[in-house]
Amino acid sequence: MDQITLGDVSITRVREYFGPVAMTPETFFPDSSEEVWEAGRHWLAPHFLDPGTGIVKCAIQTWLLRSEGRTILVDTGVGNHKERPYSPVWSHLETDFLAGLARAGVRPEDVDVVINTHLHVDHVGWNTYLDGRQWVPTFPNATYLMPKDDFDFWNPENGHRPLLGRGNQNVFEDSVAPVHQAGLTRLWEGSHRIDANLRLDTAPGHTPGSSVLTLTSGTDRAVFVGDLLHSPVQILEPDANSCFCEDPAAARATRRKVLGRAADTRALVFPAHLGGHGATEVVRDAGTFAVKGWAPFTPYTEQR
């Protein structure tokens, strides 16, 4: 079990997938410079970049938190058996994610809170599982915390035209609506206090309702930033968005704001998709940021 403790909160890393995601740096991060990738190739490979193909590598993982006696999941990955016609990398997966949770001592019915930092395809998948022909909540006793702005934006009844286009097709219908219809969702706005250690705040840009989870316990600090970062290159070049950011200007401003606060408070930064050690401490560096050190999680070494 890959686990660390910050203050009174334990954090366990639960993997769903690690490997290439069928995009080059130029495609995934069109604002990033070729120079930063070339200069960092010796440390970006093999955890964040495939050295042979030059394809970006990412993890799909859930952060399992135990705080004040409750079991909390931060993001739920892609899920199994999902039909994703415009996201073929994530279509019809068959992973052992629930077995990974079990190895961490958690059964689906043990989960008290599910946090979806935003409602993209790779953050809500295990909200539900296929029971016969129906999608039903995976965590029947949990409260699913979803940003209201994202819920409204991705609800197909509202007719929004996202930058992601059809890449999120079916996601609301099979991974969001079923838990809402079951009465398990809490749609929050602005900020939401979970307990004395944990607080959610909106951090828009990547999506309208993208959020970050701040952990403050004793002298320890952490921030779970969802898709504010997909690669450590975005620490070195914080103005480099991914190609999936709905509001590019807001995404850049939010990234700089959150990284600045993390650097100033020495908070450990937990993105959703970093391979390697999974989380990092950052410092300010002449108008940008740098990696100061890595969390003590075991790096992923093989693709699943």
# chains A, B, ... in the order shown; residues from 1 in each chain; ligands from 1
$ residues_around --residues "His123 of chain A" --least-positions-apart "6" --cutoff "10 Å" --atoms "only C-alpha atoms" --output "ChimeraX atom specification"
/A:60-62,74-79,115-117,171,175,226-227,272
$ write_last_selection --atoms "C-alpha atoms" --output "compact mmCIF listing (two decimals), in the first residue's frame"
# COMPACT_ATOMS: atom_id res chain seq x y z
CA ILE A 60 -5.06 7.73 -14.07
CA GLN A 61 -5.30 7.46 -10.31
CA THR A 62 -7.46 8.20 -7.31
CA VAL A 74 -10.50 12.38 -4.92
CA ASP A 75 -11.51 11.71 -8.56
CA THR A 76 -12.60 8.33 -9.85
CA GLY A 77 -10.77 7.82 -13.13
CA VAL A 78 -12.15 6.36 -16.33
CA GLY A 79 -14.14 3.30 -15.23
CA ILE A 115 -14.88 14.35 -4.83
CA ASN A 116 -14.99 14.99 -8.57
CA THR A 117 -12.61 17.92 -9.08
CA VAL A 171 -19.90 10.84 -19.72
CA SER A 175 -21.20 8.57 -14.87
CA GLY A 226 -6.99 17.96 -10.56
CA ASP A 227 -6.08 18.92 -14.13
CA ALA A 272 -4.49 14.01 -10.94
$ select_by_dssp --residues "segment 109-251 of chain A" --states "alpha helix (DSSP H)" --output "PyMOL selection string"
chain A and resi 148-154+171+177-181+233-236+248-251
$ atom_distance --atom1 "atom CA of Thr254 of chain A" --atom2 "atom CA of Leu228 of chain A"
7.9 Å
$ residues_around --residues "segment 200-214 of chain A" --least-positions-apart "2" --cutoff "8 Å" --atoms "only C-alpha atoms" --output "number ranges by chain"
A: 117-118, 147-151, 153, 189-194, 198, 216, 221-228, 244-252, 254
$ write_last_selection --atoms "N, CA and C atoms" --output "short mmCIF file (atom, residue, chain, number, x, y, z; two decimals), in the first residue's frame"
data_model
loop_
_atom_site.label_atom_id
_atom_site.label_comp_id
_atom_site.auth_asym_id
_atom_site.auth_seq_id
_atom_site.Cartn_x
_atom_site.Cartn_y
_atom_site.Cartn_z
N THR A 117 -13.16 16.57 -8.96
CA THR A 117 -12.61 17.92 -9.08
C THR A 117 -13.20 18.64 -10.29
N HIS A 118 -13.56 17.90 -11.32
CA HIS A 118 -14.32 18.41 -12.46
C HIS A 118 -14.92 17.19 -13.15
N PRO A 147 -18.82 20.13 -8.59
CA PRO A 147 -18.99 21.57 -8.76
C PRO A 147 -20.24 21.85 -9.60
N LYS A 148 -21.11 22.71 -9.11
CA LYS A 148 -22.35 22.98 -9.81
C LYS A 148 -22.10 23.56 -11.20
N ASP A 149 -21.08 24.43 -11.32
CA ASP A 149 -20.79 25.03 -12.63
C ASP A 149 -20.44 23.97 -13.67
N ASP A 150 -19.72 22.93 -13.25
CA ASP A 150 -19.40 21.84 -14.18
C ASP A 150 -20.63 20.99 -14.47
N PHE A 151 -21.41 20.72 -13.44
CA PHE A 151 -22.63 19.93 -13.63
C PHE A 151 -23.52 20.61 -14.66
N PHE A 153 -22.58 22.86 -16.94
CA PHE A 153 -21.90 22.99 -18.23
C PHE A 153 -21.95 21.70 -19.03
N GLU A 189 -20.99 25.40 -4.78
CA GLU A 189 -20.52 26.58 -5.50
C GLU A 189 -19.55 27.37 -4.62
N GLY A 190 -18.56 27.96 -5.25
CA GLY A 190 -17.63 28.84 -4.53
C GLY A 190 -16.63 28.08 -3.70
N SER A 191 -17.03 27.63 -2.54
CA SER A 191 -16.17 26.82 -1.67
C SER A 191 -17.05 25.91 -0.84
N HIS A 192 -16.44 24.84 -0.35
CA HIS A 192 -17.19 23.87 0.45
C HIS A 192 -16.25 23.26 1.47
N ARG A 193 -16.56 23.39 2.74
CA ARG A 193 -15.77 22.82 3.82
C ARG A 193 -16.20 21.38 4.06
N ILE A 194 -15.28 20.44 3.90
CA ILE A 194 -15.58 19.02 4.12
C ILE A 194 -15.42 18.66 5.58
N LEU A 198 -10.02 19.69 5.43
CA LEU A 198 -10.19 19.69 3.97
C LEU A 198 -11.21 20.72 3.53
N THR A 216 -5.13 21.15 5.15
CA THR A 216 -4.39 21.86 6.18
C THR A 216 -4.56 21.10 7.48
N ARG A 221 0.70 20.92 4.76
CA ARG A 221 -0.16 21.53 3.75
C ARG A 221 -0.07 20.71 2.47
N ALA A 222 -1.21 20.62 1.77
CA ALA A 222 -1.24 19.97 0.46
C ALA A 222 -2.38 20.56 -0.35
N VAL A 223 -2.27 20.46 -1.65
CA VAL A 223 -3.36 20.89 -2.51
C VAL A 223 -3.49 19.89 -3.66
N PHE A 224 -4.71 19.38 -3.83
CA PHE A 224 -5.03 18.42 -4.89
C PHE A 224 -5.63 19.23 -6.03
N VAL A 225 -4.90 19.30 -7.15
CA VAL A 225 -5.20 20.31 -8.16
C VAL A 225 -5.89 19.77 -9.41
N GLY A 226 -6.29 18.49 -9.40
CA GLY A 226 -6.99 17.96 -10.56
C GLY A 226 -6.17 18.12 -11.82
N ASP A 227 -6.76 18.76 -12.85
CA ASP A 227 -6.08 18.92 -14.13
C ASP A 227 -5.47 20.31 -14.30
N LEU A 228 -5.23 21.00 -13.20
CA LEU A 228 -4.46 22.23 -13.28
C LEU A 228 -3.08 21.94 -13.88
N PHE A 244 -6.97 20.87 -23.55
CA PHE A 244 -8.33 20.62 -23.10
C PHE A 244 -8.91 21.76 -22.24
N CYS A 245 -8.18 22.86 -22.11
CA CYS A 245 -8.64 23.94 -21.23
C CYS A 245 -9.72 24.77 -21.92
N GLU A 246 -10.89 24.84 -21.29
CA GLU A 246 -12.02 25.54 -21.88
C GLU A 246 -11.79 27.05 -21.95
N ASP A 247 -11.17 27.63 -20.94
CA ASP A 247 -10.90 29.07 -20.90
C ASP A 247 -9.40 29.24 -20.69
N PRO A 248 -8.63 29.34 -21.78
CA PRO A 248 -7.16 29.34 -21.66
C PRO A 248 -6.62 30.44 -20.75
N ALA A 249 -7.15 31.66 -20.86
CA ALA A 249 -6.63 32.75 -20.04
C ALA A 249 -6.88 32.49 -18.56
N ALA A 250 -8.09 32.03 -18.22
CA ALA A 250 -8.41 31.74 -16.83
C ALA A 250 -7.58 30.57 -16.32
N ALA A 251 -7.32 29.57 -17.16
CA ALA A 251 -6.52 28.42 -16.74
C ALA A 251 -5.10 28.86 -16.39
N ARG A 252 -4.52 29.75 -17.18
CA ARG A 252 -3.17 30.23 -16.88
C ARG A 252 -3.14 31.01 -15.57
N THR A 254 -5.24 30.85 -13.05
CA THR A 254 -5.50 29.95 -11.92
C THR A 254 -4.28 29.12 -11.60
#
$ closest_residue --among "A:Leu64, A:Cys58, A:Ala267, A:Leu184" --to "Thr24 of chain A" --atoms "only C-alpha atoms"
A:Cys58
$ select_by_dssp --residues "segment 7-147 of chain A" --states "strand (DSSP E)" --output "JSON, numbers by chain"
{"A": [9, 10, 11, 12, 13, 14, 15, 16, 17, 18, 19, 20, 57, 58, 59, 60, 61, 62, 63, 64, 65, 66, 67, 70, 71, 72, 73, 74, 113, 114, 115, 128, 129, 130, 131, 134, 135, 136, 137, 143, 144, 145, 146, 147]}
$ atom_distance --atom1 "atom CA of Gln134 of chain A" --atom2 "atom CA of Val14 of chain A"
25.5 Å
$ atom_distance --atom1 "atom CA of Gly159 of chain A" --atom2 "atom CA of His230 of chain A"
27.7 Å
$ closest_residue --among "A:Thr95, A:Asn170, A:Asn197, A:Ser32" --to "Ile235 of chain A" --atoms "only C-alpha atoms"
A:Ser32
$ closest_residue --among "A:Leu259, A:Ala295, A:Glu237, A:Val269" --to "Val36 of chain A" --atoms "only C-alpha atoms"
A:Glu237
$ residues_around --residues "Arg266 of chain A" --least-positions-apart "4" --cutoff "12 Å" --atoms "only C-alpha atoms" --output "count of residues only"
20
$ closest_residue --among "A:His273, A:Phe139, A:His92, A:Ala253" --to "Val114 of chain A" --atoms "only C-alpha atoms"
A:Phe139
$ closest_residue --among "A:Ala263, A:Val56, A:Leu44, A:Leu101" --to "Phe29 of chain A" --atoms "only C-alpha atoms"
A:Val56
$ closest_residue --among "A:Met23, A:Leu49, A:Val89, A:Leu145" --to "Ser242 of chain A" --atoms "only C-alpha atoms"
A:Met23
$ closest_atom_pairs --of "segment 115-153 of chain A" --to "segment 103-109 of chain A" --cutoff "12 Å" --atoms "only C-alpha atoms" --output "CSV"
residue,atom,partner,partner_atom,distance
A:Trp126,CA,A:Pro108,CA,10.3
A:Asn127,CA,A:Pro108,CA,10.3
A:Thr128,CA,A:Pro108,CA,10.7
A:Tyr129,CA,A:Pro108,CA,10.9
A:Pro137,CA,A:Pro108,CA,9.5
A:Thr138,CA,A:Pro108,CA,6.3
A:Phe139,CA,A:Pro108,CA,4.9
A:Pro140,CA,A:Glu109,CA,6.0
A:Asn141,CA,A:Glu109,CA,5.8
A:Ala142,CA,A:Glu109,CA,7.8
A:Thr143,CA,A:Glu109,CA,11.5
$ write_last_selection --atoms "N, CA and C atoms" --output "compact mmCIF listing (two decimals), in the first residue's frame"
# COMPACT_ATOMS: atom_id res chain seq x y z
N TRP A 126 -15.45 5.91 -12.40
CA TRP A 126 -15.83 4.92 -11.40
C TRP A 126 -16.91 5.44 -10.46
N ASN A 127 -17.50 6.58 -10.79
CA ASN A 127 -18.71 6.99 -10.07
C ASN A 127 -19.78 5.92 -10.17
N THR A 128 -19.77 5.20 -11.31
CA THR A 128 -20.78 4.18 -11.57
C THR A 128 -20.13 2.91 -12.11
N TYR A 129 -20.88 1.83 -12.06
CA TYR A 129 -20.46 0.59 -12.70
C TYR A 129 -21.67 -0.02 -13.41
N PRO A 137 -24.62 3.63 -9.02
CA PRO A 137 -23.53 4.19 -8.22
C PRO A 137 -22.61 3.10 -7.67
N THR A 138 -21.31 3.29 -7.86
CA THR A 138 -20.32 2.35 -7.34
C THR A 138 -20.22 2.43 -5.82
N PHE A 139 -20.41 3.64 -5.29
CA PHE A 139 -20.21 3.89 -3.86
C PHE A 139 -21.56 4.30 -3.27
N PRO A 140 -22.37 3.33 -2.89
CA PRO A 140 -23.79 3.59 -2.59
C PRO A 140 -24.02 4.41 -1.33
N ASN A 141 -23.03 4.48 -0.44
CA ASN A 141 -23.22 5.21 0.81
C ASN A 141 -22.50 6.56 0.81
N ALA A 142 -21.97 6.94 -0.34
CA ALA A 142 -21.17 8.17 -0.41
C ALA A 142 -22.01 9.37 -0.81
N THR A 143 -21.53 10.55 -0.40
CA THR A 143 -21.98 11.81 -0.97
C THR A 143 -20.99 12.19 -2.06
$ residues_around --residues "Gly54 of chain A" --least-positions-apart "2" --cutoff "12 Å" --atoms "only C-alpha atoms" --output "PyMOL selection string"
chain A and resi 20-28+34+37-38+41+44-52+56-57
$ write_last_selection --atoms "N, CA and C atoms" --output "compact mmCIF listing (two decimals), in the first residue's frame"
# COMPACT_ATOMS: atom_id res chain seq x y z
N PRO A 20 1.32 5.60 -21.98
CA PRO A 20 1.18 6.65 -22.99
C PRO A 20 -0.28 6.99 -23.25
N VAL A 21 -0.51 8.25 -23.65
CA VAL A 21 -1.87 8.72 -23.87
C VAL A 21 -2.08 9.22 -25.30
N ALA A 22 -1.29 8.69 -26.24
CA ALA A 22 -1.49 8.90 -27.68
C ALA A 22 -1.36 10.35 -28.11
N MET A 23 -0.61 11.17 -27.35
CA MET A 23 -0.38 12.56 -27.75
C MET A 23 1.07 12.94 -27.53
N THR A 24 1.61 13.69 -28.48
CA THR A 24 2.95 14.25 -28.33
C THR A 24 2.85 15.50 -27.45
N PRO A 25 3.99 15.98 -26.94
CA PRO A 25 3.95 17.24 -26.20
C PRO A 25 3.37 18.39 -27.01
N GLU A 26 3.67 18.43 -28.31
CA GLU A 26 3.16 19.52 -29.15
C GLU A 26 1.64 19.51 -29.23
N THR A 27 1.04 18.33 -29.23
CA THR A 27 -0.41 18.22 -29.30
C THR A 27 -1.05 18.45 -27.94
N PHE A 28 -0.49 17.83 -26.92
CA PHE A 28 -1.07 17.89 -25.58
C PHE A 28 -0.92 19.28 -24.98
N GLU A 34 9.46 23.65 -27.16
CA GLU A 34 10.23 22.44 -27.45
C GLU A 34 11.49 22.38 -26.59
N TRP A 37 11.08 20.73 -23.12
CA TRP A 37 10.98 19.27 -23.21
C TRP A 37 12.35 18.65 -23.50
N GLU A 38 13.10 19.26 -24.40
CA GLU A 38 14.42 18.72 -24.73
C GLU A 38 15.37 18.83 -23.55
N ARG A 41 14.42 16.19 -20.92
CA ARG A 41 14.19 14.81 -21.35
C ARG A 41 14.85 13.81 -20.41
N LEU A 44 12.32 13.80 -17.47
CA LEU A 44 10.92 13.57 -17.82
C LEU A 44 10.68 12.12 -18.22
N ALA A 45 11.67 11.50 -18.86
CA ALA A 45 11.58 10.08 -19.21
C ALA A 45 12.15 9.25 -18.06
N PRO A 46 11.52 8.11 -17.74
CA PRO A 46 10.37 7.50 -18.42
C PRO A 46 9.03 7.77 -17.75
N HIS A 47 9.00 8.59 -16.69
CA HIS A 47 7.77 8.71 -15.91
C HIS A 47 6.73 9.63 -16.56
N PHE A 48 7.18 10.61 -17.34
CA PHE A 48 6.26 11.59 -17.91
C PHE A 48 6.32 11.65 -19.43
N LEU A 49 7.27 10.94 -20.01
CA LEU A 49 7.48 10.96 -21.46
C LEU A 49 8.09 9.64 -21.87
N ASP A 50 7.54 9.05 -22.92
CA ASP A 50 8.09 7.80 -23.44
C ASP A 50 9.37 8.13 -24.21
N PRO A 51 10.53 7.62 -23.78
CA PRO A 51 11.79 8.03 -24.42
C PRO A 51 11.93 7.52 -25.85
N GLY A 52 11.23 6.46 -26.18
CA GLY A 52 11.34 5.92 -27.53
C GLY A 52 10.44 6.60 -28.54
N VAL A 56 3.58 11.54 -24.61
CA VAL A 56 3.38 11.88 -23.19
C VAL A 56 2.81 10.68 -22.45
N LYS A 57 3.29 10.47 -21.24
CA LYS A 57 2.77 9.42 -20.37
C LYS A 57 2.05 10.06 -19.18
